[in-house]
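Chemist: I'm passing along protein-v4.cif; it holds mmCIF, C-alpha atoms and all ligand atoms.
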data_structure
loop_
_atom_site.label_atom_id
_atom_site.label_comp_id
_atom_site.auth_asym_id
_atom_site.auth_seq_id
_atom_site.Cartn_x
_atom_site.Cartn_y
_atom_site.Cartn_z
CA MET A 1 14.87 45.13 10.16
CA LYS A 2 18.27 43.44 10.16
CA ALA A 3 18.99 40.28 8.18
CA VAL A 4 22.13 38.17 8.31
CA VAL A 5 23.20 35.77 5.58
CA ALA A 6 25.43 32.98 6.91
CA GLY A 7 27.38 31.46 4.03
CA ALA A 8 27.18 34.78 2.16
CA SER A 9 30.22 34.23 -0.09
CA GLY A 10 28.91 31.02 -1.64
CA GLY A 11 27.09 30.18 -4.84
CA ILE A 12 23.72 30.86 -3.22
CA GLY A 13 24.97 33.35 -0.65
CA GLN A 14 26.23 35.94 -3.14
CA PRO A 15 23.15 36.32 -5.36
CA LEU A 16 20.89 36.04 -2.30
CA SER A 17 22.85 38.84 -0.63
CA LEU A 18 22.53 40.90 -3.81
CA LEU A 19 18.74 40.50 -3.80
CA LEU A 20 18.55 41.30 -0.09
CA LYS A 21 20.79 44.37 -0.50
CA ALA A 22 18.38 45.62 -3.15
CA CYS A 23 15.33 44.91 -0.95
CA PRO A 24 13.85 48.22 0.25
CA LEU A 25 12.29 46.53 3.30
CA LEU A 26 15.67 45.99 4.97
CA ASP A 27 17.50 48.54 7.11
CA GLU A 28 20.59 46.45 7.73
CA LEU A 29 22.22 43.50 5.98
CA SER A 30 25.05 41.59 7.59
CA LEU A 31 27.14 39.05 5.68
CA TYR A 32 28.96 36.22 7.41
CA ASP A 33 31.17 33.53 5.90
CA VAL A 34 34.46 31.81 6.67
CA VAL A 35 35.94 33.33 3.48
CA ASN A 36 35.65 36.34 1.13
CA THR A 37 33.06 38.46 2.94
CA PRO A 38 35.19 41.65 2.74
CA GLY A 39 35.12 41.52 -1.07
CA VAL A 40 31.46 40.61 -1.41
CA THR A 41 30.51 43.31 1.09
CA ALA A 42 32.61 46.04 -0.56
CA ASP A 43 31.08 45.20 -3.92
CA LEU A 44 27.45 45.19 -2.70
CA SER A 45 28.01 48.33 -0.60
CA HIS A 46 28.08 50.45 -3.75
CA ILE A 47 24.43 49.64 -4.50
CA SER A 48 22.26 52.66 -3.74
CA SER A 49 19.58 50.95 -1.64
CA PRO A 50 18.59 51.78 1.96
CA ALA A 51 20.08 48.68 3.65
CA LYS A 52 23.37 49.37 5.44
CA ILE A 53 25.72 46.47 4.74
CA SER A 54 28.55 45.01 6.78
CA GLY A 55 30.58 41.83 6.36
CA TYR A 56 32.39 39.57 8.81
CA LEU A 57 34.85 36.67 8.93
CA PRO A 58 35.31 34.43 12.00
CA ALA A 59 38.34 36.48 13.20
CA ASP A 60 37.85 39.20 15.85
CA ASP A 61 34.59 37.69 17.07
CA GLY A 62 33.05 38.29 13.64
CA ILE A 63 30.22 35.85 14.21
CA ALA A 64 29.02 37.76 17.28
CA LYS A 65 29.11 41.07 15.42
CA ALA A 66 27.40 39.59 12.36
CA PHE A 67 24.52 37.98 14.25
CA LYS A 68 24.06 40.66 16.95
CA ASP A 69 20.36 41.59 17.24
CA ALA A 70 19.45 40.23 13.79
CA ASP A 71 15.72 39.88 13.09
CA VAL A 72 16.16 37.34 10.30
CA VAL A 73 18.93 34.75 9.90
CA VAL A 74 19.20 33.06 6.50
CA ILE A 75 21.54 30.06 6.34
CA PRO A 76 22.90 28.86 2.98
CA ALA A 77 26.26 27.74 4.46
CA GLY A 78 27.73 24.35 3.70
CA ILE A 79 28.88 22.18 0.83
CA PRO A 80 26.64 21.55 -2.20
CA ARG A 81 26.13 18.31 -4.14
CA LYS A 82 28.32 16.99 -6.92
CA PRO A 83 27.09 14.51 -9.56
CA GLY A 84 26.16 11.17 -8.00
CA MET A 85 25.58 12.63 -4.53
CA THR A 86 22.25 12.74 -2.73
CA ARG A 87 21.39 15.56 -0.35
CA ASP A 88 21.82 13.06 2.46
CA ASP A 89 25.49 12.62 1.48
CA LEU A 90 26.03 16.21 2.62
CA PHE A 91 24.94 15.43 6.16
CA LYS A 92 28.36 14.69 7.65
CA ILE A 93 29.78 18.12 6.88
CA ASN A 94 26.72 20.35 6.84
CA ALA A 95 25.22 19.07 10.11
CA GLY A 96 28.07 20.54 12.13
CA ILE A 97 28.13 23.79 10.13
CA VAL A 98 24.41 24.38 10.67
CA GLN A 99 24.65 23.49 14.34
CA GLY A 100 27.44 26.03 14.87
CA LEU A 101 25.49 28.81 13.14
CA ILE A 102 22.33 28.00 15.09
CA LYS A 103 24.29 28.23 18.35
CA ALA A 104 25.40 31.70 17.26
CA SER A 105 21.79 32.66 16.54
CA ALA A 106 20.74 31.39 19.97
CA GLN A 107 23.44 33.42 21.62
CA TYR A 108 23.40 36.70 19.69
CA CYS A 109 19.85 37.00 18.30
CA PRO A 110 17.64 34.52 20.22
CA LYS A 111 14.41 36.04 18.89
CA ALA A 112 15.39 35.96 15.21
CA PHE A 113 13.44 34.16 12.50
CA ILE A 114 15.73 31.43 11.20
CA LEU A 115 15.50 30.26 7.59
CA VAL A 116 17.51 27.13 6.83
CA ILE A 117 18.61 26.54 3.23
CA SER A 118 21.60 24.23 3.88
CA ASN A 119 20.98 20.64 2.85
CA PRO A 120 19.81 18.10 3.72
CA VAL A 121 16.97 20.38 4.85
CA ASN A 122 14.97 17.31 6.01
CA SER A 123 17.68 16.82 8.69
CA THR A 124 19.23 20.26 9.17
CA VAL A 125 15.94 21.76 10.40
CA PRO A 126 15.57 19.07 13.13
CA ILE A 127 19.24 19.75 14.02
CA ALA A 128 18.41 23.45 14.31
CA ALA A 129 15.36 22.75 16.47
CA GLU A 130 17.20 20.40 18.83
CA THR A 131 20.09 22.87 19.12
CA LEU A 132 17.74 25.75 19.91
CA LYS A 133 15.93 23.54 22.47
CA ALA A 134 19.25 22.72 24.16
CA GLU A 135 20.04 26.44 24.28
CA GLY A 136 16.60 27.12 25.79
CA VAL A 137 15.40 29.48 23.03
CA PHE A 138 13.37 27.29 20.67
CA ASP A 139 10.30 29.00 19.23
CA PRO A 140 8.92 26.68 16.51
CA LYS A 141 7.05 29.59 14.92
CA ARG A 142 10.42 31.20 14.12
CA LEU A 143 12.22 28.24 12.51
CA MET A 144 11.57 27.49 8.84
CA GLY A 145 13.20 25.18 6.32
CA VAL A 146 13.26 26.80 2.88
CA THR A 147 11.52 24.50 0.37
CA THR A 148 10.45 27.33 -1.95
CA LEU A 149 12.64 26.10 -4.80
CA ASP A 150 10.41 23.02 -5.11
CA VAL A 151 7.38 25.30 -5.38
CA VAL A 152 9.14 27.51 -7.93
CA ARG A 153 10.10 24.45 -10.00
CA ALA A 154 6.53 23.11 -9.92
CA GLU A 155 5.18 26.48 -11.11
CA THR A 156 7.77 26.61 -13.90
CA PHE A 157 7.50 23.03 -15.13
CA VAL A 158 3.70 23.04 -15.30
CA GLN A 159 3.62 26.21 -17.39
CA SER A 160 3.85 24.38 -20.72
CA LEU A 161 0.51 22.76 -19.85
CA THR A 162 -1.28 25.89 -18.64
CA GLY A 163 -0.19 28.35 -21.30
CA GLU A 164 -0.17 31.02 -18.57
CA ARG A 165 2.33 33.80 -19.39
CA ASP A 166 3.46 34.21 -15.80
CA PRO A 167 4.20 30.79 -14.26
CA ALA A 168 4.06 32.13 -10.69
CA LYS A 169 0.34 32.91 -11.15
CA THR A 170 -0.45 29.20 -10.83
CA VAL A 171 -0.24 28.31 -7.15
CA ILE A 172 0.84 24.71 -6.61
CA PRO A 173 1.22 23.36 -3.10
CA VAL A 174 4.35 21.23 -2.77
CA ILE A 175 4.47 19.42 0.54
CA GLY A 176 6.51 16.81 2.46
CA GLY A 177 10.26 17.30 2.58
CA HIS A 178 13.05 18.63 0.39
CA SER A 179 14.74 15.69 -1.31
CA GLY A 180 13.73 13.26 -4.04
CA GLU A 181 10.62 11.33 -3.24
CA THR A 182 9.94 13.24 -0.02
CA ILE A 183 8.96 16.18 -2.28
CA VAL A 184 5.28 15.85 -3.16
CA PRO A 185 3.73 18.33 -5.62
CA LEU A 186 -0.07 18.40 -5.33
CA PHE A 187 -1.06 19.35 -8.86
CA SER A 188 -4.66 18.35 -8.16
CA LEU A 189 -4.89 21.32 -5.77
CA ALA A 190 -3.41 23.89 -8.16
CA LYS A 191 -5.14 27.27 -8.24
CA PRO A 192 -6.39 28.00 -10.83
CA SER A 193 -6.82 24.30 -11.59
CA VAL A 194 -4.64 22.71 -14.25
CA ASN A 195 -5.51 19.82 -16.47
CA ILE A 196 -2.54 17.46 -16.65
CA PRO A 197 -2.91 14.62 -19.16
CA ALA A 198 -2.50 11.24 -17.43
CA ASP A 199 0.48 10.31 -19.61
CA LYS A 200 2.37 13.45 -18.55
CA LEU A 201 1.79 13.33 -14.80
CA ASP A 202 4.55 10.86 -13.84
CA ALA A 203 7.21 12.76 -15.77
CA LEU A 204 6.09 16.12 -14.37
CA THR A 205 6.01 14.86 -10.79
CA ASN A 206 9.42 13.23 -11.20
CA ARG A 207 10.87 16.43 -12.64
CA VAL A 208 9.78 18.42 -9.59
CA GLN A 209 11.13 15.74 -7.23
CA PHE A 210 14.48 15.39 -8.98
CA GLY A 211 14.77 18.80 -10.72
CA GLY A 212 17.85 19.58 -8.65
CA ASP A 213 19.69 16.72 -10.37
CA GLU A 214 19.30 18.45 -13.76
CA VAL A 215 21.30 21.38 -12.45
CA VAL A 216 23.89 19.24 -10.63
CA LYS A 217 24.47 17.31 -13.86
CA ALA A 218 24.65 20.41 -16.07
CA LYS A 219 27.13 22.09 -13.72
CA ASP A 220 29.25 18.97 -14.03
CA GLY A 221 30.97 19.00 -10.66
CA ALA A 222 30.75 22.75 -10.01
CA GLY A 223 27.86 22.48 -7.54
CA SER A 224 24.07 22.53 -7.42
CA ALA A 225 21.33 25.12 -7.95
CA THR A 226 22.52 28.52 -6.80
CA LEU A 227 20.81 31.25 -8.86
CA SER A 228 17.34 29.72 -8.85
CA MET A 229 17.84 28.95 -5.15
CA ALA A 230 18.84 32.54 -4.44
CA TYR A 231 15.63 33.64 -6.19
CA ALA A 232 13.57 31.15 -4.17
CA GLY A 233 15.34 32.01 -0.91
CA TYR A 234 14.75 35.69 -1.54
CA ARG A 235 11.09 35.11 -2.38
CA PHE A 236 10.55 33.34 0.94
CA THR A 237 12.57 35.86 2.97
CA GLU A 238 10.74 38.80 1.40
CA LYS A 239 7.37 37.20 2.14
CA LEU A 240 8.37 36.61 5.75
CA ILE A 241 9.57 40.19 6.19
CA LYS A 242 6.35 41.56 4.67
CA ALA A 243 4.29 39.37 7.01
CA VAL A 244 6.36 40.40 10.02
CA LYS A 245 5.74 44.03 9.08
CA GLY A 246 1.99 43.36 9.14
CA GLU A 247 0.94 42.40 5.61
CA ALA A 248 -1.88 39.84 5.83
CA ASN A 249 -2.72 36.66 3.90
CA ILE A 250 0.82 35.67 2.97
CA VAL A 251 1.03 31.93 2.41
CA GLU A 252 4.03 29.90 1.24
CA PRO A 253 4.98 26.30 1.93
CA SER A 254 7.80 25.78 4.43
CA TYR A 255 9.30 22.88 6.39
CA VAL A 256 8.35 23.38 10.03
CA TYR A 257 8.16 21.60 13.41
CA LEU A 258 4.50 20.65 13.42
CA PRO A 259 3.79 20.03 17.12
CA GLY A 260 4.93 23.59 17.88
CA VAL A 261 2.85 25.55 15.38
CA PRO A 262 -0.89 26.35 15.34
CA GLY A 263 -2.72 23.68 13.31
CA GLY A 264 0.34 21.42 13.21
CA ASP A 265 -0.82 18.65 15.56
CA ALA A 266 -3.44 17.34 13.14
CA ILE A 267 -0.88 17.10 10.33
CA ALA A 268 1.70 15.40 12.57
CA LYS A 269 -0.95 12.86 13.57
CA GLU A 270 -1.99 12.22 10.01
CA THR A 271 1.52 11.97 8.53
CA GLY A 272 3.41 10.46 11.47
CA CYS A 273 6.09 13.12 10.87
CA ASP A 274 6.95 15.92 13.30
CA TYR A 275 8.61 17.95 10.56
CA PHE A 276 6.81 18.57 7.28
CA SER A 277 6.56 21.19 4.59
CA VAL A 278 3.02 22.55 4.32
CA PRO A 279 1.43 25.83 3.28
CA VAL A 280 2.21 28.25 6.08
CA THR A 281 0.35 31.47 6.77
CA LEU A 282 3.05 33.91 7.80
CA GLY A 283 2.44 36.71 10.30
CA PRO A 284 4.19 39.04 12.75
CA SER A 285 5.27 36.11 14.93
CA GLY A 286 6.41 33.93 12.02
CA VAL A 287 4.32 30.80 11.41
CA GLU A 288 0.81 32.00 12.22
CA LYS A 289 -0.83 28.73 11.24
CA VAL A 290 -0.39 25.73 8.98
CA GLU A 291 -3.02 24.26 6.75
CA ASN A 292 -3.72 20.53 6.62
CA ILE A 293 -4.25 19.89 2.93
CA VAL A 294 -3.10 16.26 3.11
CA PRO A 295 -6.69 14.91 3.14
CA ASN A 296 -7.44 16.87 -0.05
CA ALA A 297 -4.75 15.06 -2.08
CA ASN A 298 -6.02 12.63 -4.70
CA GLU A 299 -5.24 8.90 -4.73
CA TYR A 300 -2.16 9.31 -6.95
CA GLU A 301 -0.73 11.93 -4.60
CA LYS A 302 -1.62 9.92 -1.48
CA LYS A 303 0.59 7.11 -2.77
CA LEU A 304 3.45 9.55 -3.24
CA LEU A 305 2.85 10.82 0.28
CA GLN A 306 3.22 7.33 1.76
CA ALA A 307 6.72 7.07 0.26
CA ALA A 308 7.53 10.58 1.49
CA TYR A 309 6.59 9.74 5.10
CA THR A 310 8.98 6.78 5.16
CA GLY A 311 11.93 8.76 3.80
CA LEU A 312 11.24 11.76 5.99
CA LYS A 313 11.04 9.83 9.26
CA GLY A 314 14.57 8.47 8.75
CA ASN A 315 15.96 11.90 7.82
CA ILE A 316 14.32 13.55 10.83
CA GLU A 317 15.56 10.88 13.23
CA LYS A 318 19.10 11.26 11.88
CA GLY A 319 19.04 15.02 12.57
CA ILE A 320 17.70 14.60 16.11
CA GLU A 321 20.26 11.86 16.88
CA PHE A 322 23.11 14.10 15.69
CA VAL A 323 22.33 16.58 18.46
CA LYS A 324 21.22 14.16 21.18
CA ASN A 325 24.05 11.64 20.70
CA PRO A 326 26.86 13.52 18.95
CA PRO A 327 29.01 11.27 16.72
P1 LIG B 1 28.87 26.94 -1.83
O1 LIG B 1 29.93 25.97 -1.49
O2 LIG B 1 28.98 27.70 -3.11
O3 LIG B 1 28.72 28.02 -0.67
C1 LIG B 1 28.66 27.66 0.67
C2 LIG B 1 29.30 28.76 1.47
O4 LIG B 1 29.21 28.40 2.86
C3 LIG B 1 30.80 28.97 1.15
O5 LIG B 1 31.05 30.33 0.85
C4 LIG B 1 31.50 28.55 2.44
O6 LIG B 1 32.69 29.28 2.71
C5 LIG B 1 30.40 28.86 3.47
N1 LIG B 1 30.61 28.20 4.75
C6 LIG B 1 31.09 26.96 5.03
N2 LIG B 1 31.15 26.75 6.35
C7 LIG B 1 30.69 27.87 6.94
C8 LIG B 1 30.51 28.27 8.29
N3 LIG B 1 30.81 27.46 9.31
N4 LIG B 1 30.01 29.50 8.52
C9 LIG B 1 29.69 30.33 7.50
N5 LIG B 1 29.84 30.00 6.20
C10 LIG B 1 30.34 28.79 5.93
O7 LIG B 1 27.46 26.17 -1.76
P2 LIG B 1 26.03 26.62 -2.35
O8 LIG B 1 25.88 26.14 -3.72
O9 LIG B 1 25.85 28.07 -2.05
O10 LIG B 1 25.04 25.74 -1.43
C11 LIG B 1 24.93 25.98 -0.03
C12 LIG B 1 23.98 24.97 0.59
O11 LIG B 1 22.64 25.16 0.12
C13 LIG B 1 24.32 23.51 0.28
O12 LIG B 1 24.15 22.75 1.44
C14 LIG B 1 23.28 23.13 -0.75
O13 LIG B 1 23.03 21.75 -0.78
C15 LIG B 1 22.09 23.90 -0.25
N6 LIG B 1 21.01 24.06 -1.23
C16 LIG B 1 19.74 24.11 -0.75
C17 LIG B 1 18.66 24.24 -1.58
C18 LIG B 1 17.26 24.28 -1.03
O14 LIG B 1 16.33 24.20 -1.83
N7 LIG B 1 17.05 24.42 0.27
C19 LIG B 1 18.85 24.33 -3.05
C20 LIG B 1 20.23 24.33 -3.45
C21 LIG B 1 21.26 24.18 -2.56
#
Could you render the structure as structure tokens?
Ligand code: NAI
Modeler:
Amino acid sequence: MKAVVAGASGGIGQPLSLLLKACPLLDELSLYDVVNTPGVTADLSHISSPAKISGYLPADDGIAKAFKDADVVVIPAGIPRKPGMTRDDLFKINAGIVQGLIKASAQYCPKAFILVISNPVNSTVPIAAETLKAEGVFDPKRLMGVTTLDVVRAETFVQSLTGERDPAKTVIPVIGGHSGETIVPLFSLAKPSVNIPADKLDALTNRVQFGGDEVVKAKDGAGSATLSMAYAGYRFTEKLIKAVKGEANIVEPSYVYLPGVPGGDAIAKETGCDYFSVPVTLGPSGVEKVENIVPNANEYEKKLLQAAYTGLKGNIEKGIEFVKNPP
């Protein structure tokens, strides 16, 4: 099992690479970035875990060597937000970065599972899909946008109301997209169920939707969530690897191309969106099936979903246009 991290020297890339280096499920870890991979790789190489580590820069065909025969490609490359920026403001720079890395995946590891972290995820995943289509290697079951941080935040923020010692024991589906009001936490479907007082629900929902802003503000110009994102990115990657290795019943929300995955058509029809984050059952071929929980949302959540659909459609269209009619 070989994983490659593209953007490995960054704020997310470094702690994510640390967690992956320590992961006993990996045989090989390859780090790619346009800067600093020799240092990050040398440092992590002293950790006594099974994964063999190697690092590459663009020189000497580094991208080909880094991606060659990878089973999993994780992409946290690109610029992060500064105060006052939305994730959509990142589009101009990150769209091209993601497209380039997806082309490398298509060329050097066409069967890899691709996990996109780079923002705006609502648009970078459609860019990835269109690029893979153009390269003739698109398998929708193998392309996933990482929205796990929204799930992690929902679990964490609701803890004060549940009193549960371990926040991750409360499973909260968070669906839609990965920015502001396209993020829709479905607290009414929490398992075990949670009782959220009516006067606390707006604030809690808003905190999950805009939780990233708290970090952007606190970092005061030095970037956005990196450590919590590395944790979330690792959690999703580890679940995928376990599922690929045959572990059953692994479910985690992820942003996927609905018409291409089992169970997706019904959700696409209901939401009017071809890309959507929904609980995904992961298996040896990636997305085994998706679950349509949209009809189970309560009235409050259905209103939130309406706003999410509108925002998402524009973001998706923008990503598709970027590939079909390059600027
Ligand atoms: P960062 O600036 O610290 O790191 C980005 C890294 O990407 C840098 O090391 C840079 O050299 C590298 N890079 C740039 N162009 C590259 C290329 N063509 N090939 C390979 N590497 C390249 O940024 P940070 O904080 O790590 O964030 C990375 C991305 O993740 C941003 O787009 C950010 O918005 C996004 N993000 C996504 C989240 C999610 O929930 N999906 C949460 C938080 C951030």
Chemist: Can you work out which one of A:Asp213, A:Asp139, A:Glu130, A:Glu155 has the shortest atom-to-atom distance to ligand LIG 1 (chain B), counting all atoms listed in the file?
Modeler: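 Under the stated criterion, the closest residue is A:Asp213.
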Chemist: Measuring atom to atom with all atoms listed in the file, identify which of A:Lys242, A:Lys217, A:Lys313, A:Lys68 is nearest to Leu26 of chain A.
Modeler: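 With all atoms listed in the file as the atom set, the closest residue is A:Lys242.
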Chemist: Taking all atoms listed in the file and a cut-off of 6 Å, can you tell me which residues surround ligand LIG 1 (chain B), written as a PyMOL selection string?
Modeler: chain A and resi 6-7+9-13+32-35+76-81+97+117-119+146-147+149+223-226+229
Chemist: Can you build me a table of segment 83-185 of chain A residues sitting at most 12 Å from segment 44-59 of chain A, with the closest atom pair per residue and its distance in Å to one decimal, using all atoms listed in the file, sorted by chain and residue number, as JSON lines?
Modeler:
{"residue": "A:Gly100", "atom": "CA", "partner": "A:Pro58", "partner_atom": "CA", "distance": 11.9}
{"residue": "A:Leu101", "atom": "CA", "partner": "A:Pro58", "partner_atom": "CA", "distance": 11.4}
{"residue": "A:Ala104", "atom": "CA", "partner": "A:Pro58", "partner_atom": "CA", "distance": 11.5}
Chemist: Grab the atom CA of Val251 of chain A to atom CA of Tyr309 of chain A distance for me, in Å with one decimal place.
Modeler: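 Separation between atom CA of Val251 of chain A and atom CA of Tyr309 of chain A: 23.0 Å.
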Chemist: Taking (10.0, 29.4, 21.7) in the file's own coordinates, collect the residues within 12 Å, counting all atoms listed in the file, and hand them back as a ChimeraX atom specification.
Modeler: /A:106,110-113,129-130,132-143,257,260-261,285-287
Chemist: Measure the distance from atom CA of Asn292 of chain A to atom CA of Ser193 of chain A in Å and round it to one decimal.
Modeler: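 For atom CA of Asn292 of chain A relative to atom CA of Ser193 of chain A, the distance reads 18.9 Å.
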Chemist: Atom CA of Ser160 of chain A and atom CA of Gly211 of chain A are how many Å apart?
Modeler: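 Going from atom CA of Ser160 of chain A over to atom CA of Gly211 of chain A, I get 15.8 Å.
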Chemist: So that I can see what lies close to Asn298 of chain A, please list as a ChimeraX atom specification the residues with an atom at most 12 Å from it, counting all atoms listed in the file and leaving out residues fewer than 5 positions away in the same chain.
Modeler: /A:184-189,293,303-305
Chemist: Residues as selected, C-alpha atoms, written as a PDB file, in the frame of the given file, can you do that?
Modeler:
ATOM      1  CA  VAL A 184       5.280  15.850  -3.160  1.00  0.00           C
ATOM      2  CA  PRO A 185       3.730  18.330  -5.620  1.00  0.00           C
ATOM      3  CA  LEU A 186      -0.070  18.400  -5.330  1.00  0.00           C
ATOM      4  CA  PHE A 187      -1.060  19.350  -8.860  1.00  0.00           C
ATOM      5  CA  SER A 188      -4.660  18.350  -8.160  1.00  0.00           C
ATOM      6  CA  LEU A 189      -4.890  21.320  -5.770  1.00  0.00           C
ATOM      7  CA  ILE A 293      -4.250  19.890   2.930  1.00  0.00           C
ATOM      8  CA  LYS A 303       0.590   7.110  -2.770  1.00  0.00           C
ATOM      9  CA  LEU A 304       3.450   9.550  -3.240  1.00  0.00           C
ATOM     10  CA  LEU A 305       2.850  10.820   0.280  1.00  0.00           C
TER      11      LEU A 305
END
Chemist: Near Val125 of chain A, within 12 Å and counting only C-alpha atoms, which residues show up once chain neighbours fewer than 3 positions away are dropped, as an MDAnalysis selection string?
Modeler: chainID A and resid 75 91 94:95 98:99 102 114:122 128:132 138 140 142:147 177:178 254:258 274:277 312 315:320 322:323
Chemist: Taking 3 positions as the minimum chain separation for residues in the same chain, which residues sit within 8 Å of Phe236 of chain A when counting all atoms listed in the file? Answer as a ChimeraX atom specification.
Modeler: /A:146,148,232-233,239-240,252
Chemist: May I have the residues from that selection written out with C-alpha atoms, as a CSV table (one decimal), in the frame of the given file?
Modeler:
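Below you can see again_37.csv, which holds the result:
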chain,number,residue,atom,x,y,z
A,146,VAL,CA,13.3,26.8,2.9
A,148,THR,CA,10.4,27.3,-2.0
A,232,ALA,CA,13.6,31.2,-4.2
A,233,GLY,CA,15.3,32.0,-0.9
A,239,LYS,CA,7.4,37.2,2.1
A,240,LEU,CA,8.4,36.6,5.8
A,252,GLU,CA,4.0,29.9,1.2
Chemist: Which residue gives the smallest distance to Val40 of chain A among A:Gly96, A:Gln306, A:Ala8, A:Asp61, with all atoms listed in the file counted?
Modeler: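 Ranking A:Gly96, A:Gln306, A:Ala8, A:Asp61 by distance to Val40 of chain A, first place goes to A:Ala8.
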